[in-house]
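S.K.: Below you'll find structure.tsv; it's TSV, C-alpha atoms (C1' of nucleotides).
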```
chain	number	residue	atom	x	y	z
A	1	MET	CA	-7.31	-16.86	3.87
A	2	GLU	CA	-5.11	-15.01	6.30
A	3	LYS	CA	-2.31	-14.66	3.79
A	4	PHE	CA	-4.62	-12.47	1.68
A	5	THR	CA	-5.77	-10.38	4.64
A	6	ALA	CA	-4.02	-7.32	6.06
A	7	VAL	CA	-4.65	-4.13	8.00
A	8	ILE	CA	-3.31	-1.08	6.15
A	9	LEU	CA	-2.74	1.69	8.67
A	10	ASP	CA	-1.50	5.25	8.94
A	11	PHE	CA	-0.65	7.43	11.94
A	12	GLU	CA	-0.67	11.20	12.15
A	13	THR	CA	1.75	12.24	14.89
A	14	THR	CA	3.25	15.22	16.67
A	15	GLY	CA	6.59	14.67	14.92
A	16	LEU	CA	9.01	12.11	13.62
A	17	SER	CA	10.41	10.35	16.63
A	18	PRO	CA	8.60	8.55	19.47
A	19	GLY	CA	12.02	8.12	21.06
A	20	TYR	CA	12.12	11.90	21.54
A	21	GLY	CA	8.65	12.15	23.00
A	22	ASP	CA	6.52	12.41	19.87
A	23	ARG	CA	3.02	10.92	20.13
A	24	ALA	CA	0.30	9.67	17.82
A	25	ILE	CA	-2.63	12.06	17.32
A	26	GLU	CA	-4.74	10.08	14.82
A	27	ILE	CA	-4.97	6.51	13.61
A	28	GLY	CA	-6.69	5.39	10.42
A	29	ALA	CA	-6.81	1.86	9.08
A	30	VAL	CA	-8.63	-0.40	6.66
A	31	LEU	CA	-8.92	-4.17	6.76
A	32	ILE	CA	-8.57	-5.74	3.32
A	33	ARG	CA	-9.50	-9.30	2.48
A	34	ASN	CA	-8.90	-10.62	-1.02
A	35	ASN	CA	-8.32	-7.06	-2.28
A	36	GLN	CA	-11.59	-5.75	-0.85
A	37	VAL	CA	-11.91	-3.28	2.00
A	38	VAL	CA	-14.10	-5.07	4.55
A	39	ASP	CA	-13.66	-2.89	7.65
A	40	ARG	CA	-12.37	0.53	8.72
A	41	PHE	CA	-11.02	2.20	11.87
A	42	GLN	CA	-10.44	5.90	12.46
A	43	SER	CA	-9.99	8.04	15.54
A	44	LEU	CA	-8.25	11.15	16.72
A	45	MET	CA	-6.43	10.64	20.00
A	46	ASN	CA	-5.46	13.15	22.66
A	47	PRO	CA	-1.68	13.01	23.09
A	48	GLY	CA	-1.73	14.92	26.36
A	49	LYS	CA	0.27	17.82	24.98
A	50	ARG	CA	-0.13	20.62	22.51
A	51	ILE	CA	0.88	20.07	18.88
A	52	SER	CA	2.96	22.54	16.87
A	53	GLY	CA	1.64	24.96	14.29
A	54	PHE	CA	3.49	22.99	11.66
A	55	ILE	CA	1.54	19.80	12.49
A	56	GLU	CA	-1.74	21.74	12.59
A	57	ASP	CA	-1.00	23.07	9.09
A	58	TYR	CA	0.33	19.77	7.78
A	59	THR	CA	-2.60	17.63	8.93
A	60	GLY	CA	-5.48	20.04	9.46
A	61	ILE	CA	-5.80	18.56	12.95
A	62	THR	CA	-5.97	21.34	15.54
A	63	ASN	CA	-5.29	21.53	19.25
A	64	GLU	CA	-8.97	22.26	19.75
A	65	MET	CA	-9.94	19.05	17.93
A	66	LEU	CA	-7.51	17.03	20.03
A	67	SER	CA	-8.73	18.57	23.29
A	68	LYS	CA	-12.10	16.91	22.62
A	69	ALA	CA	-10.62	13.59	21.47
A	70	PRO	CA	-10.50	10.41	23.54
A	71	SER	CA	-7.20	9.57	25.21
A	72	ALA	CA	-4.49	7.76	23.27
A	73	ALA	CA	-4.73	4.89	25.76
A	74	HIS	CA	-8.46	4.44	25.12
A	75	VAL	CA	-8.07	4.56	21.34
A	76	MET	CA	-5.09	2.21	21.31
A	77	GLU	CA	-7.00	-0.40	23.33
A	78	GLN	CA	-9.68	-0.39	20.65
A	79	PHE	CA	-7.13	-0.38	17.85
A	80	ALA	CA	-5.23	-3.30	19.37
A	81	SER	CA	-8.45	-5.32	19.09
A	82	PHE	CA	-8.95	-4.14	15.47
A	83	ILE	CA	-5.52	-5.36	14.33
A	84	ALA	CA	-5.46	-8.56	16.41
A	85	GLY	CA	-4.40	-11.51	14.29
A	86	HIS	CA	-3.77	-9.48	11.13
A	87	ASN	CA	-0.65	-8.70	9.20
A	88	LEU	CA	0.09	-4.99	8.87
A	89	VAL	CA	0.99	-2.66	6.01
A	90	ALA	CA	2.04	1.00	5.99
A	91	HIS	CA	3.71	3.41	3.59
A	92	ASN	CA	7.26	3.76	4.93
A	93	ALA	CA	6.39	1.15	7.51
A	94	SER	CA	9.44	1.77	9.69
A	95	PHE	CA	7.81	5.06	10.72
A	96	ASP	CA	4.35	3.70	11.60
A	97	ARG	CA	5.86	0.59	13.21
A	98	ARG	CA	7.83	2.73	15.66
A	99	PHE	CA	4.73	4.70	16.65
A	100	LEU	CA	2.48	1.62	16.86
A	101	ASP	CA	4.97	-0.20	19.06
A	102	ALA	CA	5.51	2.88	21.26
A	103	GLU	CA	1.77	3.55	21.76
A	104	LEU	CA	1.05	-0.15	22.41
A	105	SER	CA	3.91	-0.23	24.91
A	106	ARG	CA	2.32	2.67	26.82
A	107	ILE	CA	-0.78	0.52	27.46
A	108	GLY	CA	1.22	-2.59	28.27
A	109	ARG	CA	0.57	-4.38	24.99
A	110	THR	CA	2.78	-5.62	22.18
A	111	ARG	CA	2.42	-6.10	18.46
A	112	THR	CA	2.25	-9.73	17.45
A	113	ARG	CA	2.18	-9.64	13.65
A	114	GLU	CA	4.52	-8.64	10.87
A	115	PHE	CA	4.73	-5.32	9.02
A	116	ALA	CA	5.16	-4.94	5.28
A	117	CYS	CA	6.15	-1.65	3.65
A	118	SER	CA	4.25	-0.41	0.60
A	119	MET	CA	7.00	2.09	-0.17
A	120	LEU	CA	9.75	-0.54	-0.37
A	121	ALA	CA	7.49	-2.70	-2.53
A	122	ALA	CA	6.59	0.25	-4.78
A	123	ARG	CA	10.26	1.13	-5.32
A	124	ARG	CA	10.66	-2.34	-6.82
A	125	ILE	CA	7.38	-2.65	-8.71
A	126	TYR	CA	7.34	0.94	-10.05
A	127	PRO	CA	11.06	1.77	-10.31
A	128	ASP	CA	10.39	4.54	-12.84
A	129	ALA	CA	7.78	6.45	-10.81
A	130	PRO	CA	8.70	10.15	-10.41
A	131	SER	CA	8.97	9.55	-6.67
A	132	HIS	CA	7.72	6.99	-4.20
A	133	ARG	CA	5.85	9.36	-1.91
A	134	LEU	CA	2.30	8.15	-1.38
A	135	GLU	CA	0.79	11.27	-2.95
A	136	THR	CA	2.96	10.96	-6.06
A	137	LEU	CA	2.23	7.26	-6.53
A	138	VAL	CA	-1.51	7.86	-6.22
A	139	SER	CA	-1.30	10.47	-8.96
A	140	HIS	CA	1.13	8.45	-11.12
A	141	LEU	CA	-1.09	5.37	-11.04
A	142	GLY	CA	-4.37	7.28	-11.37
A	143	LEU	CA	-5.74	5.82	-8.14
A	144	GLN	CA	-9.05	7.05	-6.79
A	145	THR	CA	-8.71	9.88	-4.27
A	146	ASP	CA	-10.95	12.43	-2.64
A	147	GLY	CA	-8.07	14.88	-2.64
A	148	LEU	CA	-7.51	14.68	1.11
A	149	PHE	CA	-3.94	13.93	2.17
A	150	HIS	CA	-2.20	13.76	5.54
A	151	ARG	CA	-5.25	12.53	7.37
A	152	ALA	CA	-4.96	9.02	8.73
A	153	LEU	CA	-7.95	7.26	7.18
A	154	ALA	CA	-7.56	8.97	3.80
A	155	ASP	CA	-3.90	7.97	3.63
A	156	ALA	CA	-4.69	4.42	4.78
A	157	GLU	CA	-7.36	4.11	2.07
A	158	MET	CA	-4.90	5.27	-0.59
A	159	THR	CA	-2.18	2.97	0.71
A	160	ALA	CA	-4.70	0.12	0.46
A	161	GLN	CA	-5.40	1.09	-3.15
A	162	LEU	CA	-1.67	1.17	-3.86
A	163	TRP	CA	-1.28	-2.24	-2.22
A	164	THR	CA	-4.00	-3.84	-4.33
A	165	ALA	CA	-2.70	-2.09	-7.46
A	166	MET	CA	0.72	-3.64	-6.87
A	167	ILE	CA	-0.86	-7.06	-6.45
A	168	GLY	CA	-2.66	-6.58	-9.76
A	169	GLU	CA	0.48	-5.30	-11.45
A	170	ILE	CA	2.66	-8.27	-10.61
A	171	LYS	CA	-0.19	-10.73	-11.18
A	172	GLY	CA	-0.60	-9.38	-14.69
A	173	THR	CA	3.05	-8.97	-15.55
A	174	TYR	CA	4.26	-12.32	-14.23
A	175	ARG	CA	1.02	-14.28	-14.64
A	176	LEU	CA	0.94	-15.20	-10.99
A	177	LYS	CA	-2.17	-17.04	-9.83
A	178	GLU	CA	-2.06	-15.41	-6.41
A	179	VAL	CA	-0.07	-12.73	-4.60
A	180	SER	CA	0.07	-13.07	-0.84
A	181	PHE	CA	1.07	-10.62	1.90
A	182	ASP	CA	4.24	-12.67	2.37
A	183	LEU	CA	5.22	-12.31	-1.29
A	184	LEU	CA	4.85	-8.51	-1.32
A	185	GLN	CA	6.62	-8.29	2.03
A	186	SER	CA	9.48	-10.43	0.73
A	187	LEU	CA	10.17	-8.00	-2.13
A	188	ALA	CA	11.77	-5.61	0.37
A	189	GLY	CA	14.58	-8.12	0.79
A	190	VAL	CA	15.19	-8.51	-2.95
A	191	ALA	CA	17.64	-6.21	-4.75
A	192	LYS	CA	15.83	-3.96	-7.23
A	193	ARG	CA	17.49	-5.38	-10.30
A	194	ALA	CA	16.82	-8.95	-9.13
A	195	VAL	CA	13.06	-8.43	-8.74
A	196	PRO	CA	11.97	-9.55	-12.25
A	197	ALA	CA	13.91	-12.81	-12.03
A	198	TYR	CA	12.64	-13.36	-8.50
A	199	LEU	CA	9.00	-12.95	-9.53
A	200	GLU	CA	9.50	-15.16	-12.58
A	201	ARG	CA	10.79	-17.91	-10.28
A	202	VAL	CA	7.76	-17.48	-8.04
A	203	ALA	CA	5.46	-17.74	-11.07
A	204	VAL	CA	7.11	-20.97	-12.19
A	205	GLY	CA	6.64	-22.36	-8.68
A	206	GLN	CA	2.91	-21.62	-8.81
B	1	DT	C1'	8.24	27.11	19.20
B	2	DG	C1'	11.53	24.50	17.04
B	3	DC	C1'	14.15	20.99	17.47
B	4	DC	C1'	14.71	15.92	17.76
B	5	DA	C1'	15.14	9.83	14.01
B	6	DG	C1'	16.04	5.88	11.37
B	7	DG	C1'	16.02	2.51	7.63
B	8	DC	C1'	16.71	2.02	2.78
B	9	DC	C1'	19.42	2.73	-1.29
B	10	DC	C1'	22.54	4.79	-4.59
B	11	DT	C1'	27.27	6.01	-5.71
B	12	DC	C1'	32.25	9.60	-7.09
B	13	DT	C1'	30.96	2.86	-1.78
B	14	DT	C1'	32.26	-0.94	1.67
B	15	DT	C1'	37.61	2.74	6.47
B	16	DA	C1'	31.14	7.13	3.68
B	17	DG	C1'	27.96	10.45	2.60
B	18	DG	C1'	23.68	12.06	1.35
B	19	DG	C1'	18.84	11.83	-0.67
B	20	DC	C1'	14.39	9.70	0.00
B	21	DC	C1'	10.28	8.84	2.89
B	22	DT	C1'	7.31	9.07	7.07
B	23	DT	C1'	4.95	13.60	10.78
```
Can you present the structure in this file as structure tokens?
M.R.:
Amino acid sequence: MEKFTAVILDFETTGLSPGYGDRAIEIGAVLIRNNQVVDRFQSLMNPGKRISGFIEDYTGITNEMLSKAPSAAHVMEQFASFIAGHNLVAHNASFDRRFLDAELSRIGRTRTREFACSMLAARRIYPDAPSHRLETLVSHLGLQTDGLFHRALADAEMTAQLWTAMIGEIKGTYRLKEVSFDLLQSLAGVAKRAVPAYLERVAVGQ
DNA sequence: TGCCAGGCCCTCTTTAGGGCCTT
């Protein structure tokens, strides 16, 4: 069962680099099991410093909202429990992985499960998409959206839809009986032009 | 306030450079 279960998550942050002092300001996540969303997590978190006007405009999250939010430490303790035992997915996962690991480190905890990247998978499954930004893929594939972007739970929900759409796409194209987290994760290590042959070999093996 | 990164991937490549993607 676990190989068909994953937490799809998204951070809003003060900037691009935790190594230069940037912090998480919101976490949103959905737990999917067999392509169904079965649980959700969302919280703003107070980063202990003011955010720039650019981030306020980009996310719609204001300094006033964050001043009333629980501390990052408190939220991350709860989130660590939410993700415990589950594989993880994010769009451009190298970004969210750095922030997750940095925020967990601040509370003396460590990530124990693997990350998969929906962007790297999408580049291989939808090579002809106009771009592989989350917003563009959602539009290109006609995925359901409430029009809200750059908020953590909304982006996590759309990434989950993208993830399940990709599972459906390769199931249908290659007649795979099942598509696990490990299979989608493994695509990132396969050269783009080798992906069709790779998936055909997987299908034969099933 | 504005700045800061880093991994992937393509090509006019591999003794490199630059666009994409995340906030």
S.K.: Using all atoms listed in the file, find which residues of chain A lie within 7 Å of chain B and jot them down as a ChimeraX atom specification.
M.R.: /A:12-17,20,92,94-95,133
S.K.: Could you please take those selected residues and save C-alpha atoms as an mmCIF file, in the coordinates of the input?
M.R.:
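The result, written out as part_2.cif:
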```cif
data_model
loop_
_atom_site.group_PDB
_atom_site.id
_atom_site.type_symbol
_atom_site.label_atom_id
_atom_site.label_comp_id
_atom_site.auth_asym_id
_atom_site.auth_seq_id
_atom_site.Cartn_x
_atom_site.Cartn_y
_atom_site.Cartn_z
ATOM 1 C CA GLU A 12 -0.670 11.200 12.150
ATOM 2 C CA THR A 13 1.750 12.240 14.890
ATOM 3 C CA THR A 14 3.250 15.220 16.670
ATOM 4 C CA GLY A 15 6.590 14.670 14.920
ATOM 5 C CA LEU A 16 9.010 12.110 13.620
ATOM 6 C CA SER A 17 10.410 10.350 16.630
ATOM 7 C CA TYR A 20 12.120 11.900 21.540
ATOM 8 C CA ASN A 92 7.260 3.760 4.930
ATOM 9 C CA SER A 94 9.440 1.770 9.690
ATOM 10 C CA PHE A 95 7.810 5.060 10.720
ATOM 11 C CA ARG A 133 5.850 9.360 -1.910
#
```
S.K.: Go ahead and find all residues with at least one atom no further than 10 Å from (1.1, -13.7, -3.3) in the file's coordinates, using all atoms listed in the file; report them as a PDB file with C-alpha atoms, in the coordinates of the input.
M.R.:
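Generated file (point_20.pdb):
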```pdb
ATOM      1  CA  LYS A   3      -2.310 -14.660   3.790  1.00  0.00           C
ATOM      2  CA  PHE A   4      -4.620 -12.470   1.680  1.00  0.00           C
ATOM      3  CA  ILE A 167      -0.860  -7.060  -6.450  1.00  0.00           C
ATOM      4  CA  ILE A 170       2.660  -8.270 -10.610  1.00  0.00           C
ATOM      5  CA  LYS A 171      -0.190 -10.730 -11.180  1.00  0.00           C
ATOM      6  CA  LEU A 176       0.940 -15.200 -10.990  1.00  0.00           C
ATOM      7  CA  LYS A 177      -2.170 -17.040  -9.830  1.00  0.00           C
ATOM      8  CA  GLU A 178      -2.060 -15.410  -6.410  1.00  0.00           C
ATOM      9  CA  VAL A 179      -0.070 -12.730  -4.600  1.00  0.00           C
ATOM     10  CA  SER A 180       0.070 -13.070  -0.840  1.00  0.00           C
ATOM     11  CA  PHE A 181       1.070 -10.620   1.900  1.00  0.00           C
ATOM     12  CA  ASP A 182       4.240 -12.670   2.370  1.00  0.00           C
ATOM     13  CA  LEU A 183       5.220 -12.310  -1.290  1.00  0.00           C
ATOM     14  CA  LEU A 184       4.850  -8.510  -1.320  1.00  0.00           C
ATOM     15  CA  GLN A 185       6.620  -8.290   2.030  1.00  0.00           C
ATOM     16  CA  SER A 186       9.480 -10.430   0.730  1.00  0.00           C
ATOM     17  CA  VAL A 202       7.760 -17.480  -8.040  1.00  0.00           C
ATOM     18  CA  ALA A 203       5.460 -17.740 -11.070  1.00  0.00           C
ATOM     19  CA  GLN A 206       2.910 -21.620  -8.810  1.00  0.00           C
TER      20      GLN A 206
END
```
S.K.: Tell me, in Å to one decimal, how far atom CA of A:Leu120 is from atom CA of A:His140.
M.R.: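 Distance between the two atoms: 16.5 Å.
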S.K.: So how far away is atom CA of A:Gly60 from atom CA of A:Gly21, in Å?
M.R.: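 Interatomic distance here is 21.1 Å.
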S.K.: Would you give the centre and edge lengths, in Å to one decimal, of a box along x, y and z around the listed atoms of stretch 152-170 of chain A, with 4 Å added to each side, as JSON?
M.R.:
```
{"center_x": -2.6, "center_y": 0.4, "center_z": -1.4, "size_x": 18.6, "size_y": 25.3, "size_z": 28.2}
```
S.K.: I'd like to know which of A:Phe99, A:Thr110, A:Ala69, A:Lys192 is closest to A:Ala84, using only C-alpha atoms.
M.R.: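 The answer is A:Thr110, which sits nearest to A:Ala84.
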S.K.: Would you compute the distance between atom CA of A:Met166 and atom CA of A:Ile125? Give it in Å to one decimal.
M.R.: 7.0 Å
S.K.: Between A:Arg124, A:Ile8, A:Ala129, A:Glu169, which is the closest to A:Ala194 once you count all atoms listed in the file?
M.R.: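 Looking at the shortest contact to A:Ala194, the residue is A:Arg124.
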S.K.: I'd like the neighbourhood of A:Asn35 as a PDB file with C-alpha atoms, keeping the file's coordinate frame, where a residue qualifies if any of its atoms comes within 9 Å (using all atoms listed in the file), though same-chain residues fewer than 3 positions away should be ignored.
M.R.:
```
ATOM      1  CA  PHE A   4      -4.620 -12.470   1.680  1.00  0.00           C
ATOM      2  CA  THR A   5      -5.770 -10.380   4.640  1.00  0.00           C
ATOM      3  CA  ILE A  32      -8.570  -5.740   3.320  1.00  0.00           C
ATOM      4  CA  ALA A 160      -4.700   0.120   0.460  1.00  0.00           C
ATOM      5  CA  GLN A 161      -5.400   1.090  -3.150  1.00  0.00           C
ATOM      6  CA  TRP A 163      -1.280  -2.240  -2.220  1.00  0.00           C
ATOM      7  CA  THR A 164      -4.000  -3.840  -4.330  1.00  0.00           C
ATOM      8  CA  ILE A 167      -0.860  -7.060  -6.450  1.00  0.00           C
TER       9      ILE A 167
END
```
S.K.: Hey, what's within 7 Å of A:Ala90 if we count all atoms listed in the file and toss same-chain stuff fewer than 5 positions away? As a list in words, please?
M.R.: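 So the residues in contact are Ile8, Leu9, Asp10, Asp96, Ala116, Cys117 and Ser118 of chain A.
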S.K.: Could you name the residues that touch A:Tyr58 at 10 Å or less, counting all atoms listed in the file, but leaving out those on the same chain fewer than 5 positions away, as number ranges by chain?
M.R.: A: 12, 52-53, 149-151; B: 23
S.K.: Give me, as a list of chain:residue names, all polymer residues having an atom no more than 9 Å from A:Glu157, counting only C-alpha atoms (C1' of nucleotides) and skipping those fewer than 4 positions away in the same chain.
M.R.: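 What passes the distance filter is A:Ile8, A:Leu9, A:Gly28, A:Ala29, A:Val30, A:Val37, A:Thr145, A:Ala152, A:Leu153, A:Gln161, A:Leu162.
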